[in-house]
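Down below is the structure, laid out as C-alpha cells.
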Amino acid sequence: MAHVTKSDSVAPPLRFSIDAQQDEARAGLLTTRRGVIETPVFMPVGTAGTVKAIRFEELESPDLDARIILGNTYHLWLRPGVETIKACGGLHRFIGWNRVLLTDSGGFQVWSLGDLRKISEEGTAFRSHVDGSLQFLSPEVSMEVQAALGSDIVMAFDECAPGDASHEQTERSVGLTARWAKRSRVAFDRLQIEGADKGYQVANGLSGSQALFGIVQGAGHLDLRKSSLDQNVAIGFDGHAIGGLSVGEEKSTMFDVIGDLAPQMPKDQPRYLMGVGTPEDLLEAVACGVDMFDCVLPTRNGRTGQAFSSAGKLNIKNARWAQDTRPIDESCHCLVCRRHTRAYLRHLYLAGEMLASILLTHHNLAFFLDTMRGVRQSIRSGDFPKFRREFTERLGANGE
RNA sequence: GCAGGGGUGGUCGAGUGGUUAAUGGCACCGGGCUGUAAACCCGGCGGGUUCACACCCUACGUAGGUUCGAAUCCUACCCCCUGCA
C-alpha cells in the first residue's frame, strides 16, 4: 500500500503560530523543516554563502544564536554556479550551515544593479558584476536556482520600483511583479514535484519541501501596495514579504506603507519586511505587526567602522576613542564587549586589521539579535511599548 | 679632500621663473552605509579672522642676491647620498 497518505500530502512546508500579541505586535513560532524560529526575528544576510566576517560557529553560538540566515540567488548563481552547489549537495552542505536558510530571488538585484540590467516581460538581462558576461534571470530561472540551492524559504522573483516612483510607473512594476509572482509559483510547484529541491528534509511534521514567499511591491502608493498584496494572497504563498522599502524613499513614506500594509497581511502567516533596517526601524515595524527582518547594516557597517549600541551609533574610527577603555556598549554582554575596548577596536580598524571587521560584525549582530530577543520577551510579557520606549530613549545617549 | 646627485607641507614624492598654499599616494580628521557590484564610498587636511563671499599671515635646508615676479636662476654656508682618493 502506498505510504503517502492524504495527510502527508497536505502537510505544509511551514507552520506559523502566534503565542502572544500586543496591539499589532506579535510574538510567534515559525516552524520550518530545518528548525524552529522565534519571531520577530532578525536574519543576518549571507549573500554569497557567507555572513561576511563571521564564522558559522559564532552564528550558532549562544552569544549570537542566529536561527536563520540569508543567501542570494543572483550572487550564488554567478559564482560558484548552480552546478557546483548541486554537486556539493545543496547550499546547506556546501557552506556548512544546518540551520534555516532563506534565499532572496535576485529580484533586488534587478533594482540595485542599475545600469547593469535590462528588464523585459520575460525577465531581466544582467551584465554580471563578476566578469561582465550577459546573463538572464527570470522567475523560472530563479526558482530553479533556489531549488538547487535547497534553501528552506524561497522568495518569489520580483521587481522593485525606485523609492520615488510615480503611480503610473509603480503600477506597471506591480503588474509585472504580480505576473512574475504567478510564474514563480507555477515553476516552484513543478520543481517541488520534480524533486529539484536539494535541501529536501522531512522534519517537524512538515512536508519537507521548500516554502515560497510572495513579495508585495508598490513603492509609496498604498492602493498599489494593497492591490499587490491581494494578488499575492490570491496566488497563495507560505508567507508574505514587503519589498521595495528603504530604497531611497522618505522614512515617513516607509512607515506609512508598513503601518497601512502589515495589519492587512494574512494574520496566520509570517510577514517579512525585506532589507530593513536600523534598530529603531525594526521596533517600529514590529509594532506594525512584522515578524521577520533582514538587513546588511550590522554586517556591512561592522566592516566599515560603525558599531551599533544601546546608547546609539558609534564610529569606532573617531579619535575620541583612542584611549577609551570602555567596551563598545557598556550594557552589552557579547564576547567582544566582554573582552575588548574601544581603544583596541579603533586601533585594529585604523591598522587595517581584518579582526576589526570580525569583532565589529560580531558585536553588531549580537546587538541586533539580542534586541530582537528583548522584543520577543517584551511582547510575551505584555511590555513591548515600555521596552520600545526605553530602548529608544537610551539610543540618544551617545550623542554627547 | 675632490667629483656627481640631493635637501618641498605629518610622510613619501611631483613641480625647474608667472593663477603655486604648491599635483599624487600614504598617514591623519570627519561623514555616509537599510532584500551586499561595499574590509567600501565621499569630504577635509599650513595657520588665523569670517555665518559666508572674502581677507591676512607663514611656507619648498639656512642666509643673501638677480627679477615686475623665485620652490624654480645666482652666491655663500649647513646637512644627506654615491663614487674616487
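The way I read the labels, and the way they are meant: chains A, B, ... in the order of the C-alpha cells, residue 1 as the first residue of every chain, and ligand 1 as the first ligand shown, with later ones counted on from there.
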Handout entry: 10 Å contact set for C33 of chain B, only C-alpha atoms (C1' of nucleotides), chain neighbours under 3 positions out, as number ranges by chain
Key = A: 296-297, 300-301, 304, 306; B: 38, 40-41
Problem - Check: which chain B residues lie within 7 Å of chain A using only C-alpha atoms (C1' of nucleotides), as a ChimeraX atom specification - result: /B:33-37,39
Keeping only C-alpha atoms (C1' of nucleotides), write the selected residues to a file as an mmCIF file, in the first residue's frame.
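Written out: selection-v3.cif:
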```cif
data_model
loop_
_atom_site.group_PDB
_atom_site.id
_atom_site.type_symbol
_atom_site.label_atom_id
_atom_site.label_comp_id
_atom_site.auth_asym_id
_atom_site.auth_seq_id
_atom_site.Cartn_x
_atom_site.Cartn_y
_atom_site.Cartn_z
ATOM 1 C "C1'" C B 33 26.269 52.990 4.547
ATOM 2 C "C1'" U B 34 18.874 49.699 5.242
ATOM 3 C "C1'" G B 35 16.249 42.068 0.493
ATOM 4 C "C1'" U B 36 25.520 43.462 -0.039
ATOM 5 C "C1'" A B 37 28.802 45.186 -7.553
ATOM 6 C "C1'" A B 39 37.196 45.087 4.621
#
```
When you look at A27 of chain B with a cut-off of 12 Å (counting only C-alpha atoms (C1' of nucleotides)), what residues show up, excluding the ones that are within fewer than 2 positions of it in the same chain? I need them as a PDB file with N, CA and C atoms (P, O5', C5', C4', C3', O3' and C1' of nucleotides), in the first residue's frame.
```pdb
ATOM      1  N   LEU A 350      42.017  51.164  12.312  1.00  0.00           N
ATOM      2  CA  LEU A 350      42.941  52.078  11.638  1.00  0.00           C
ATOM      3  C   LEU A 350      44.139  51.335  11.054  1.00  0.00           C
ATOM      4  N   ALA A 351      44.489  50.235  11.694  1.00  0.00           N
ATOM      5  CA  ALA A 351      45.637  49.472  11.203  1.00  0.00           C
ATOM      6  C   ALA A 351      45.245  48.578  10.034  1.00  0.00           C
TER       7      ALA A 351
ATOM      8  P     G B  10      54.678  69.620   8.240  1.00  0.00           P
ATOM      9  O5'   G B  10      53.872  68.423   8.896  1.00  0.00           O
ATOM     10  C5'   G B  10      54.332  67.864  10.124  1.00  0.00           C
ATOM     11  C4'   G B  10      54.288  66.364  10.076  1.00  0.00           C
ATOM     12  C3'   G B  10      55.026  65.725   8.900  1.00  0.00           C
ATOM     13  O3'   G B  10      56.407  65.595   9.174  1.00  0.00           O
ATOM     14  C1'   G B  10      52.887  64.752   9.116  1.00  0.00           C
ATOM     15  P     U B  11      57.501  65.498   7.977  1.00  0.00           P
ATOM     16  O5'   U B  11      57.131  64.112   7.276  1.00  0.00           O
ATOM     17  C5'   U B  11      57.563  62.878   7.831  1.00  0.00           C
ATOM     18  C4'   U B  11      57.119  61.751   6.937  1.00  0.00           C
ATOM     19  C3'   U B  11      57.666  61.796   5.519  1.00  0.00           C
ATOM     20  O3'   U B  11      58.951  61.186   5.441  1.00  0.00           O
ATOM     21  C1'   U B  11      55.326  61.438   5.450  1.00  0.00           C
ATOM     22  P     C B  12      59.996  61.664   4.312  1.00  0.00           P
ATOM     23  O5'   C B  12      59.439  60.966   2.996  1.00  0.00           O
ATOM     24  C5'   C B  12      59.587  59.567   2.814  1.00  0.00           C
ATOM     25  C4'   C B  12      58.799  59.122   1.608  1.00  0.00           C
ATOM     26  C3'   C B  12      59.153  59.783   0.286  1.00  0.00           C
ATOM     27  O3'   C B  12      60.288  59.192  -0.325  1.00  0.00           O
ATOM     28  C1'   C B  12      56.810  59.712   0.518  1.00  0.00           C
ATOM     29  P     G B  25      45.511  60.892  -4.614  1.00  0.00           P
ATOM     30  O5'   G B  25      46.610  59.886  -4.047  1.00  0.00           O
ATOM     31  C5'   G B  25      46.903  58.683  -4.746  1.00  0.00           C
ATOM     32  C4'   G B  25      48.020  57.939  -4.048  1.00  0.00           C
ATOM     33  C3'   G B  25      47.806  57.662  -2.568  1.00  0.00           C
ATOM     34  O3'   G B  25      46.983  56.539  -2.354  1.00  0.00           O
ATOM     35  C1'   G B  25      49.981  58.490  -2.891  1.00  0.00           C
ATOM     36  P     C B  29      42.876  59.984  13.342  1.00  0.00           P
ATOM     37  O5'   C B  29      42.032  61.246  12.876  1.00  0.00           O
ATOM     38  C5'   C B  29      42.113  62.470  13.587  1.00  0.00           C
ATOM     39  C4'   C B  29      41.178  63.472  12.972  1.00  0.00           C
ATOM     40  C3'   C B  29      39.756  62.968  12.758  1.00  0.00           C
ATOM     41  O3'   C B  29      38.987  63.016  13.946  1.00  0.00           O
ATOM     42  C1'   C B  29      40.488  64.053  10.802  1.00  0.00           C
ATOM     43  P     C B  45      40.807  71.615   2.868  1.00  0.00           P
ATOM     44  O5'   C B  45      41.958  70.965   3.758  1.00  0.00           O
ATOM     45  C5'   C B  45      42.099  71.302   5.135  1.00  0.00           C
ATOM     46  C4'   C B  45      43.113  70.382   5.763  1.00  0.00           C
ATOM     47  C3'   C B  45      44.454  70.331   5.054  1.00  0.00           C
ATOM     48  O3'   C B  45      45.280  71.391   5.500  1.00  0.00           O
ATOM     49  C1'   C B  45      43.737  68.136   5.506  1.00  0.00           C
TER      50        C B  45
END
```
Handout entry: Backbone DSSP call of strand (DSSP E) for segment 221-380 of chain A, listed as a ChimeraX atom specification
Key = /A:239-242,271-273,292-295,306-307,314-315
Could you save the residues just selected, with N, CA and C atoms, as a short mmCIF file (atom, residue, chain, number, x, y, z; two decimals), in the first residue's frame?
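To be explicit, this is the file written out as selection31.cif:
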```
data_model
loop_
_atom_site.label_atom_id
_atom_site.label_comp_id
_atom_site.auth_asym_id
_atom_site.auth_seq_id
_atom_site.Cartn_x
_atom_site.Cartn_y
_atom_site.Cartn_z
N GLY A 239 4.16 32.69 3.01
CA GLY A 239 4.44 33.87 3.81
C GLY A 239 4.46 35.05 2.86
N HIS A 240 4.39 36.24 3.42
CA HIS A 240 4.34 37.42 2.56
C HIS A 240 5.39 38.43 2.98
N ALA A 241 6.08 38.94 2.00
CA ALA A 241 7.13 39.91 2.28
C ALA A 241 6.74 41.28 1.76
N ILE A 242 7.26 42.28 2.42
CA ILE A 242 7.13 43.64 1.93
C ILE A 242 8.48 44.01 1.35
N ARG A 271 5.05 37.57 8.24
CA ARG A 271 5.20 38.81 7.47
C ARG A 271 6.66 39.22 7.54
N TYR A 272 7.23 39.43 6.39
CA TYR A 272 8.67 39.65 6.30
C TYR A 272 8.94 41.00 5.64
N LEU A 273 9.59 41.88 6.36
CA LEU A 273 9.97 43.18 5.82
C LEU A 273 11.41 43.08 5.31
N MET A 292 9.48 39.21 10.48
CA MET A 292 10.82 38.81 10.03
C MET A 292 11.52 39.99 9.37
N PHE A 293 12.84 40.02 9.56
CA PHE A 293 13.65 41.11 9.01
C PHE A 293 15.00 40.59 8.55
N ASP A 294 15.55 41.28 7.58
CA ASP A 294 16.95 41.05 7.26
C ASP A 294 17.51 42.40 6.90
N CYS A 295 18.78 42.57 7.09
CA CYS A 295 19.41 43.83 6.73
C CYS A 295 20.92 43.66 6.75
N GLN A 306 31.38 51.15 11.84
CA GLN A 306 30.33 51.68 12.68
C GLN A 306 29.75 50.59 13.58
N ALA A 307 29.70 50.91 14.86
CA ALA A 307 29.15 49.96 15.83
C ALA A 307 27.78 50.45 16.27
N LEU A 314 28.06 54.39 17.03
CA LEU A 314 29.38 54.82 17.46
C LEU A 314 30.34 54.53 16.32
N ASN A 315 31.05 55.57 15.91
CA ASN A 315 32.02 55.39 14.83
C ASN A 315 33.36 55.05 15.45
#
```
Problem - Long-range neighbours of segment 76-81 of chain A as a PyMOL selection string, 12 Å cut-off, only C-alpha atoms (C1' of nucleotides), 6 positions minimum in chain - result: chain A and resi 46-50+70+87-88+90-91+94-95+103-106+126-137+141-149
Expected file contents, prior selection, C-alpha atoms, as a compact mmCIF listing (two decimals), in the first residue's frame:
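Now in selection.txt:
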```txt
# COMPACT_ATOMS: atom_id res chain seq x y z
CA GLY A 46 24.85 35.95 3.91
CA THR A 47 24.67 36.95 0.28
CA ALA A 48 27.47 34.92 -1.23
CA GLY A 49 27.30 31.89 1.00
CA THR A 50 28.84 33.65 3.96
CA LEU A 70 20.00 34.61 4.00
CA ALA A 87 27.42 18.73 -6.85
CA CYS A 88 28.20 19.66 -3.27
CA GLY A 90 22.96 21.96 -1.90
CA LEU A 91 23.73 25.21 -0.16
CA PHE A 94 28.18 23.47 0.64
CA ILE A 95 28.59 26.18 3.24
CA THR A 103 17.29 32.78 -0.27
CA ASP A 104 16.44 36.01 -1.93
CA SER A 105 15.36 35.60 -5.51
CA GLY A 106 17.70 38.04 -7.23
CA PHE A 126 22.07 41.20 -16.27
CA ARG A 127 25.57 42.15 -17.02
CA SER A 128 27.44 40.03 -14.50
CA HIS A 129 29.28 42.17 -11.97
CA VAL A 130 31.81 39.35 -11.73
CA ASP A 131 33.03 39.06 -15.31
CA GLY A 132 30.79 41.31 -17.39
CA SER A 133 29.08 38.43 -19.19
CA LEU A 134 25.42 38.71 -20.13
CA GLN A 135 23.09 36.58 -18.00
CA PHE A 136 19.35 36.17 -17.97
CA LEU A 137 17.33 35.79 -14.80
CA VAL A 141 15.46 30.53 -13.55
CA SER A 142 15.31 31.98 -10.06
CA MET A 143 13.10 29.13 -8.86
CA GLU A 144 15.40 26.57 -10.47
CA VAL A 145 18.43 28.10 -8.82
CA GLN A 146 16.73 28.31 -5.44
CA ALA A 147 15.61 24.68 -5.72
CA ALA A 148 19.18 23.69 -6.48
CA LEU A 149 20.36 25.72 -3.52
```
Practice task
Could you tell me, as a PyMOL selection string, which residues of segment 196-321 of chain A DSSP assigns to alpha helix (DSSP H) when given the backbone?
Solution key: chain A and resi 222-235+251-261+279-287+297-303
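Closest approach to C81 of chain B among B:G1, B:C57, B:U66, B:G6: B:G6, based on only C-alpha atoms (C1' of nucleotides).
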Exercise for the section: Using only C-alpha atoms (C1' of nucleotides), determine which residues lie at most 12 Å from U23 of chain B, disregarding the query and same-chain residues fewer than 5 positions distant; provide the list as a list in words. Expected result: G13, A14 and G15 of chain B
Practice task
Kindly give the distance, in Å, that separates atom CA of Ile69 of chain A and atom CA of Ile215 of chain A, rounded to a single decimal.
Solution key: 18.0 Å
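Here atom CA of Leu101 of chain A is placed at a distance of 26.5 Å from atom CA of Gln264 of chain A.
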Exercise for the section: Write out as a list in words which residues come within 12 Å of G44 of chain B when counting only C-alpha atoms (C1' of nucleotides), dropping same-chain ones fewer than 2 positions away. Expected result: C28, C29, G30, G31 and C42 of chain B
